[in-house]
Every structure is written in C-alpha cells, then in structure tokens.
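S.K.: Quick one: structure below, then a few questions.
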Amino acid sequence: MKAFVTGGAGFIASNLVDELMDTGHTVTVYDNLSSGKKEFLAHHSEKANFRLIKADLLDSERLCEVIKGHDFVFHFAANPDVLRGLEETDLDLKQNAIATRNVLEAMRINKINRIMFSSSGTVYGNTGTDIADETYGGRLTISLYGASKVYSEHLISAFSHIYGLQAWIFRFANIIGNRQTHGVIFDFINKLKNDPKELLILGDGRQTKHYLFVKDCIEGILYGIENSREEMNIFNLASVGTCDVNFIANAVCEGMKLENVNFTYSGSKQGWKGDVPVSYLSAKKINTLGWKPRLTSEEAVRKTVSILLEK
Ligand code: NAD
C-alpha cells in the first residue's frame, strides 16, 4: 500500500506510521507540525519508503500535488486543542471541516478512492448514561470540535456516494499512550510537576469515559479496514470498561509517588463547555467482527502514566 497519512507526526498517527512501516508499506506523512513532532518519526527519516512533507492541509495546491500516486489516505490531522477551539470559533471549522474537504477534493482529483477517518464519540452528543452504538441518534453534538467531526463524516459519506470512495470512519473513545502530548493524564502530570501538593481538576472529578490504549486503537483501525468491505464502514473504537477523572488523578499521584495531594475541583459536572461528562460507547460491532482491545480503561491509564513519567 502507498499510504498518505495526514497528521502523521501526531500522537495517534505516528503510532500508525510505525505499524505501516513495520509491515513494509510505503508511507508519506503530510503534517504542518503544529502539534505533531518530527522526532516521533526520526527513526524512519532515512528509509527509502518514507517521506515527511511539512505542509498545511489548508494549502490545497500543495496537497493536491503531493497526494498523487498514493492509494490509501489515513486522515488524522485536526485541531486537538478543544479548549483553544472555544476561544477561536473558526479553528475547528478550518482545521477539521475545511481540511477534510481539501483532503477529499485532492483524492477526487487524483482518483484515490480509499480513506480512513479519525472521528470521535463526541458526535453522539451528551448521551448521559445511554450506551451509544453506531446507530445511536437523536442527540446533537455539544462542541464545536464535535460539530466539525459530524460535518466531516457527512462530507465523506457524500463524496463516497457521488464519487465512489470507500471509507472507514472510526469514532474513537479517549486515546492514551506513548507520545501523547495532550489530554487529562498529560495535564495532571504537568500540573503536579509544577505543584506537587495541589491538583486542580476541571469538573467534579466524576466525568466517566472509556480510555483506549493507542496500540489497541491502531490494531482496531487496521483490523476494521481489513475485515469490512462496505462503501461506508463506521465503527466505534472503545476499551472495555470506563474510569472517572478521580481514578486518573489518583493513578497519576501514585505513579509520581505523591501522597496527600489536595484535589480541588472547578465545580460543575462538565470539565469545560462542550465536554461530555459521561460517555459510554458500544464497541460490539467491531468486537463481533473479531477485534478486542488488550487493555481495560484502568489498565490503559496506569500504563500511560508510567510511560509518560518514564519520558
Ligand atoms: P495530535 O495533535 O497529536 O495530531 C494531529 C496532527 O495533525 C499533528 O501532528 C498536527 O501537527 C497535525 N495537523 C493539525 N492541523 C494540521 C493542518 N492544517 N495541516 C497539516 N497537519 C495538521 O492529535 P491526536 O490526539 O493524535 O489526534 C489525531 C486524530 O484523532 C484527530 O483527528 C483527533 O480529532 C482524533 N481523535 C483523537 C482522540 C484522542 O483521544 N486523542 C479522540 C478522538 C478522536
């Protein structure tokens, strides 16, 4: 496969690039390095079947030129900073929605017809204690980030219908693990390095979600692609079980060997406007197909804490 990976220098996609390279594929990474890091890919830089292009998805001309000749697009690039997206209300629109349109248009022009898209469980909106499978409907997303993912999914569907693309859309739970550069575990470690006595937790600490280890996520993506053949293939990717933010705070303190840390809470049920306090995703569809994650949410959190502390 000649794979084109947008956002390939980022946390999740750089782990996918490792897997694709290990299995002998040719890989081009297209990344503006806004949150991605060149060092995540440094071990591939001298290989003949690898290329890193530092460029922006909003530069359609460059994108259209360099995507030529590839046969599979893995589209990961997006704004990962949900809080920044609250201040700059066109950030998710440009970096996620318009960027996705540019990827699809470049594919159409160059007759590339297979795409994988990294979506999110946030498309289901504030589900409360409902367990959302891929057919769950009736609630609308509550974040600008979520809205841009909904739009991107629908645009992929429209391109697929009109121009004959085949698509695999994965709605991820929270993904954690090696090379993570943002998210709750990363934030808690940084906060506690600055002040080992006090930890400010956004929300009430009881926000409860699935945490999927990044290696499981990559295996799930590749398994889903290999084992489904519809025009539009949509899968939730989530771990078994959930955990709450208090569990994560305690796991980080334990990992850092800190005792008697004073937890303070910003108060409301939501960590921030747009945050879904509770999210239960059903991964039954892909489980039935044969993929199961190796780690539970709690195991994934503990493993990620130790990986991030090692660095
Ligand atoms: P990340 O920030 O580590 O990766 C995003 C990459 O995209 C970065 O390398 C960044 O430099 C690049 N990028 C951003 N805008 C770009 C642009 N305009 N042009 C070119 N490159 C650009 O984030 P991640 O956590 O690895 O997320 C990857 C994808 O998975 C995103 O689409 C994200 O929305 C989705 N996702 C992530 C999670 C999670 O828990 N991390 C959950 C659900 C969905």
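We name chains A, B, ... following the order of the structure tokens; residues begin at 1 in each chain, and ligands are numbered from 1 as shown.
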So which residues touch region 184-201 of chain A within 6 Å, counting only C-alpha atoms, skipping near sequence neighbours fewer than 3 positions away, as a PyMOL selection string?
M.R.: chain A and resi 261-265
S.K.: Can you list, as a ChimeraX atom specification, all residues belonging to region 66-238 of chain A that DSSP tags as strand (DSSP E or B)?
M.R.: /A:72-75,114-120,131-132,166-172,174-176,198-201,208-209,211-213,232-237
S.K.: Within 8 Å of region 169-172 of chain A, counting only C-alpha atoms, which residues show up once you throw out same-chain ones fewer than 5 positions away? Write them as number ranges by chain, please.
M.R.: A: 116-121, 153, 217, 221, 232-238
S.K.: Store the residues of this selection in a file with N, CA, C and O atoms, as a CSV table (one decimal), in the first residue's frame.
M.R.:
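What landed in again.csv:
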chain,number,residue,atom,x,y,z
A,116,MET,N,-9.5,6.5,5.4
A,116,MET,CA,-9.8,6.2,6.8
A,116,MET,C,-9.9,7.5,7.5
A,116,MET,O,-9.0,8.4,7.3
A,117,PHE,N,-10.9,7.7,8.4
A,117,PHE,CA,-11.1,9.0,9.0
A,117,PHE,C,-11.2,8.8,10.6
A,117,PHE,O,-11.9,7.9,11.0
A,118,SER,N,-10.4,9.6,11.3
A,118,SER,CA,-10.4,9.6,12.8
A,118,SER,C,-11.5,10.5,13.3
A,118,SER,O,-11.3,11.7,13.5
A,119,SER,N,-12.6,9.9,13.6
A,119,SER,CA,-13.7,10.7,14.2
A,119,SER,C,-13.7,10.4,15.7
A,119,SER,O,-12.7,9.9,16.3
A,120,SER,N,-14.8,10.8,16.3
A,120,SER,CA,-14.8,10.8,17.8
A,120,SER,C,-16.2,10.4,18.3
A,120,SER,O,-17.2,10.8,17.7
A,121,GLY,N,-16.2,9.9,19.5
A,121,GLY,CA,-17.5,9.6,20.2
A,121,GLY,C,-18.3,10.9,20.5
A,121,GLY,O,-19.5,10.8,20.8
A,153,GLU,N,-17.7,13.7,8.7
A,153,GLU,CA,-18.3,12.3,8.4
A,153,GLU,C,-19.3,12.4,7.3
A,153,GLU,O,-19.3,11.6,6.4
A,217,CYS,N,-5.8,0.9,19.7
A,217,CYS,CA,-6.5,1.8,18.7
A,217,CYS,C,-6.0,1.5,17.3
A,217,CYS,O,-6.8,1.2,16.4
A,221,ILE,N,-8.1,-0.1,14.1
A,221,ILE,CA,-8.2,0.5,12.8
A,221,ILE,C,-7.8,-0.4,11.7
A,221,ILE,O,-8.6,-0.6,10.8
A,232,MET,N,-19.3,2.5,3.0
A,232,MET,CA,-19.1,3.3,4.2
A,232,MET,C,-19.0,2.3,5.4
A,232,MET,O,-20.0,1.6,5.7
A,233,ASN,N,-17.9,2.3,6.1
A,233,ASN,CA,-17.7,1.4,7.2
A,233,ASN,C,-17.5,2.2,8.5
A,233,ASN,O,-16.5,2.9,8.5
A,234,ILE,N,-18.4,2.1,9.4
A,234,ILE,CA,-18.4,3.0,10.6
A,234,ILE,C,-18.2,2.2,11.9
A,234,ILE,O,-19.1,1.2,12.1
A,235,PHE,N,-17.2,2.5,12.7
A,235,PHE,CA,-17.0,1.7,13.9
A,235,PHE,C,-16.7,2.6,15.1
A,235,PHE,O,-15.9,3.5,14.9
A,236,ASN,N,-17.3,2.3,16.2
A,236,ASN,CA,-16.8,2.8,17.5
A,236,ASN,C,-15.5,2.1,17.9
A,236,ASN,O,-15.5,0.8,17.7
A,237,LEU,N,-14.5,2.7,18.4
A,237,LEU,CA,-13.4,2.1,19.0
A,237,LEU,C,-13.2,2.5,20.4
A,237,LEU,O,-12.9,3.6,20.7
A,238,ALA,N,-13.6,1.5,21.3
A,238,ALA,CA,-13.5,1.8,22.7
A,238,ALA,C,-13.0,0.6,23.5
A,238,ALA,O,-13.1,-0.5,23.0
S.K.: Going by DSSP on the backbone, which residues of region 144-201 of chain A come out as alpha helix (DSSP H)? List them as a PyMOL selection string.
M.R.: chain A and resi 144-163+184-194
S.K.: Could those residues be written to a file, using C-alpha atoms, as a PDB file, in the first residue's frame?
M.R.:
ATOM      1  CA  LEU A 144     -17.519  22.950  18.000  1.00  0.00           C
ATOM      2  CA  TYR A 145     -14.985  20.127  17.683  1.00  0.00           C
ATOM      3  CA  GLY A 146     -17.828  17.580  17.611  1.00  0.00           C
ATOM      4  CA  ALA A 147     -19.699  19.635  15.018  1.00  0.00           C
ATOM      5  CA  SER A 148     -16.637  19.630  12.750  1.00  0.00           C
ATOM      6  CA  LYS A 149     -16.373  15.833  13.087  1.00  0.00           C
ATOM      7  CA  VAL A 150     -20.076  15.395  12.245  1.00  0.00           C
ATOM      8  CA  TYR A 151     -19.638  17.610   9.186  1.00  0.00           C
ATOM      9  CA  SER A 152     -16.516  15.701   8.094  1.00  0.00           C
ATOM     10  CA  GLU A 153     -18.277  12.339   8.431  1.00  0.00           C
ATOM     11  CA  HIS A 154     -21.211  13.561   6.346  1.00  0.00           C
ATOM     12  CA  LEU A 155     -18.913  15.050   3.727  1.00  0.00           C
ATOM     13  CA  ILE A 156     -17.050  11.740   3.441  1.00  0.00           C
ATOM     14  CA  SER A 157     -20.413   9.999   3.006  1.00  0.00           C
ATOM     15  CA  ALA A 158     -21.432  12.443   0.257  1.00  0.00           C
ATOM     16  CA  PHE A 159     -18.096  12.095  -1.576  1.00  0.00           C
ATOM     17  CA  SER A 160     -18.368   8.359  -1.191  1.00  0.00           C
ATOM     18  CA  HIS A 161     -21.856   8.311  -2.709  1.00  0.00           C
ATOM     19  CA  ILE A 162     -21.111  10.730  -5.556  1.00  0.00           C
ATOM     20  CA  TYR A 163     -17.522   9.854  -6.485  1.00  0.00           C
ATOM     21  CA  VAL A 184      -6.051  14.660  31.071  1.00  0.00           C
ATOM     22  CA  ILE A 185      -3.111  12.421  32.120  1.00  0.00           C
ATOM     23  CA  PHE A 186      -0.605  14.695  30.387  1.00  0.00           C
ATOM     24  CA  ASP A 187      -2.180  17.762  32.075  1.00  0.00           C
ATOM     25  CA  PHE A 188      -2.199  16.226  35.558  1.00  0.00           C
ATOM     26  CA  ILE A 189       1.472  15.211  35.306  1.00  0.00           C
ATOM     27  CA  ASN A 190       2.450  18.735  34.242  1.00  0.00           C
ATOM     28  CA  LYS A 191       0.349  20.375  36.942  1.00  0.00           C
ATOM     29  CA  LEU A 192       1.820  18.123  39.643  1.00  0.00           C
ATOM     30  CA  LYS A 193       5.362  18.737  38.436  1.00  0.00           C
ATOM     31  CA  ASN A 194       4.706  22.457  38.979  1.00  0.00           C
TER      32      ASN A 194
END
S.K.: Compute the set of protein, DNA and RNA residues whose minimum atom distance to ligand 1 is at most 9 Å, using only C-alpha atoms and all ligand atoms, and state it as a ChimeraX atom specification.
M.R.: /A:6-15,30-38,54-59,75-81,94-96,99,117-122,145-146,149,170-176,179-183,211-212,214
S.K.: Please measure the separation of CA of Asn113 (chain A) and CA of Asp22 (chain A), giving the value in Å to one decimal.
M.R.: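 These atoms are spaced 23.8 Å apart.
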S.K.: With distances taken over only C-alpha atoms, which of A:Leu104, A:Val27, A:Leu41, A:Ile115 is nearest to Trp168 (chain A)?
M.R.: A:Ile115
S.K.: For CA of Leu20 (chain A) and CA of Ala3 (chain A), determine how far apart the two atoms are, in Å to one decimal place.
M.R.: 8.2 Å
S.K.: Trp291 (chain A): which residues within 7 Å, counting only C-alpha atoms, same-chain residues fewer than 4 positions away excluded, as a ChimeraX atom specification?
M.R.: /A:220,223,286-287
S.K.: Find the distance between CA of Cys253 (chain A) and CA of Leu83 (chain A) and write it in Å to one decimal.
M.R.: 24.3 Å
S.K.: Which one of A:Lys303, A:Lys285, A:Arg229, A:Lys209 sits closest to Gly128 (chain A) if you count only C-alpha atoms?
M.R.: A:Lys209
S.K.: Between A:Asn250, A:Ser239, A:Asn178, A:Ser279, which has the minimum distance to Pro293 (chain A) (counting only C-alpha atoms)?
M.R.: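 Using only C-alpha atoms, the shortest distance to Pro293 (chain A) belongs to A:Ser239.
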S.K.: Contacts of Val240 (chain A) at 8 Å or less, counting only C-alpha atoms, minus same-chain residues fewer than 6 places along, as number ranges by chain?
M.R.: A: 210, 293, 295-297
S.K.: Would you save the residues from that selection as a short mmCIF file (atom, residue, chain, number, x, y, z; two decimals), in the first residue's frame, using N, CA, C and O atoms?
M.R.:
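Everything below was put into selection.cif:
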data_model
loop_
_atom_site.label_atom_id
_atom_site.label_comp_id
_atom_site.auth_asym_id
_atom_site.auth_seq_id
_atom_site.Cartn_x
_atom_site.Cartn_y
_atom_site.Cartn_z
N HIS A 210 -14.39 6.06 28.44
CA HIS A 210 -13.50 4.96 28.06
C HIS A 210 -12.12 5.55 27.73
O HIS A 210 -12.03 6.60 27.09
N PRO A 293 -9.83 -5.06 22.35
CA PRO A 293 -8.65 -4.38 22.91
C PRO A 293 -7.98 -5.25 23.97
O PRO A 293 -8.65 -6.05 24.62
N LEU A 295 -6.18 -3.99 26.62
CA LEU A 295 -6.20 -3.37 27.94
C LEU A 295 -7.58 -2.77 28.26
O LEU A 295 -8.25 -2.24 27.39
N THR A 296 -7.96 -2.85 29.54
CA THR A 296 -9.16 -2.14 30.01
C THR A 296 -8.81 -0.66 30.15
O THR A 296 -7.62 -0.28 30.09
N SER A 297 -9.82 0.16 30.42
CA SER A 297 -9.56 1.59 30.62
C SER A 297 -8.58 1.81 31.78
O SER A 297 -7.63 2.58 31.67
#
S.K.: Excluding Tyr124 (chain A) and its own-chain neighbours fewer than 4 positions away, which residues fall within 10 Å of it when counting only C-alpha atoms? Please give them as a list in words.
M.R.: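 Answer for this query is Ser120, Ala132, Asp133, Glu134, Thr135, Tyr136, Gly137, Gly138, Arg139, Leu140, Thr141, Ile142, Gly146, Val150, Arg171, Val276, Ser279 and Leu281 of chain A.
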S.K.: Using C-alpha atoms, can you write the selected residues to a file as a PDB file, in the first residue's frame?
M.R.:
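Contents of the output file again02.pdb:
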ATOM      1  CA  SER A 120     -14.820  10.778  17.789  1.00  0.00           C
ATOM      2  CA  ALA A 132     -24.097   4.639  22.110  1.00  0.00           C
ATOM      3  CA  ASP A 133     -23.638   2.172  19.291  1.00  0.00           C
ATOM      4  CA  GLU A 134     -23.010   3.277  15.701  1.00  0.00           C
ATOM      5  CA  THR A 135     -26.748   3.705  15.037  1.00  0.00           C
ATOM      6  CA  TYR A 136     -27.359   5.909  18.092  1.00  0.00           C
ATOM      7  CA  GLY A 137     -29.185   9.081  17.101  1.00  0.00           C
ATOM      8  CA  GLY A 138     -31.466  11.767  18.304  1.00  0.00           C
ATOM      9  CA  ARG A 139     -28.957  13.874  20.205  1.00  0.00           C
ATOM     10  CA  LEU A 140     -26.840  16.567  18.648  1.00  0.00           C
ATOM     11  CA  THR A 141     -23.191  17.197  19.399  1.00  0.00           C
ATOM     12  CA  ILE A 142     -22.470  19.909  22.000  1.00  0.00           C
ATOM     13  CA  GLY A 146     -17.828  17.580  17.611  1.00  0.00           C
ATOM     14  CA  VAL A 150     -20.076  15.395  12.245  1.00  0.00           C
ATOM     15  CA  ARG A 171     -15.270   7.021  16.313  1.00  0.00           C
ATOM     16  CA  VAL A 276     -19.499  15.383  27.684  1.00  0.00           C
ATOM     17  CA  SER A 279     -19.681   8.694  27.702  1.00  0.00           C
ATOM     18  CA  LEU A 281     -19.592   3.713  23.739  1.00  0.00           C
TER      19      LEU A 281
END
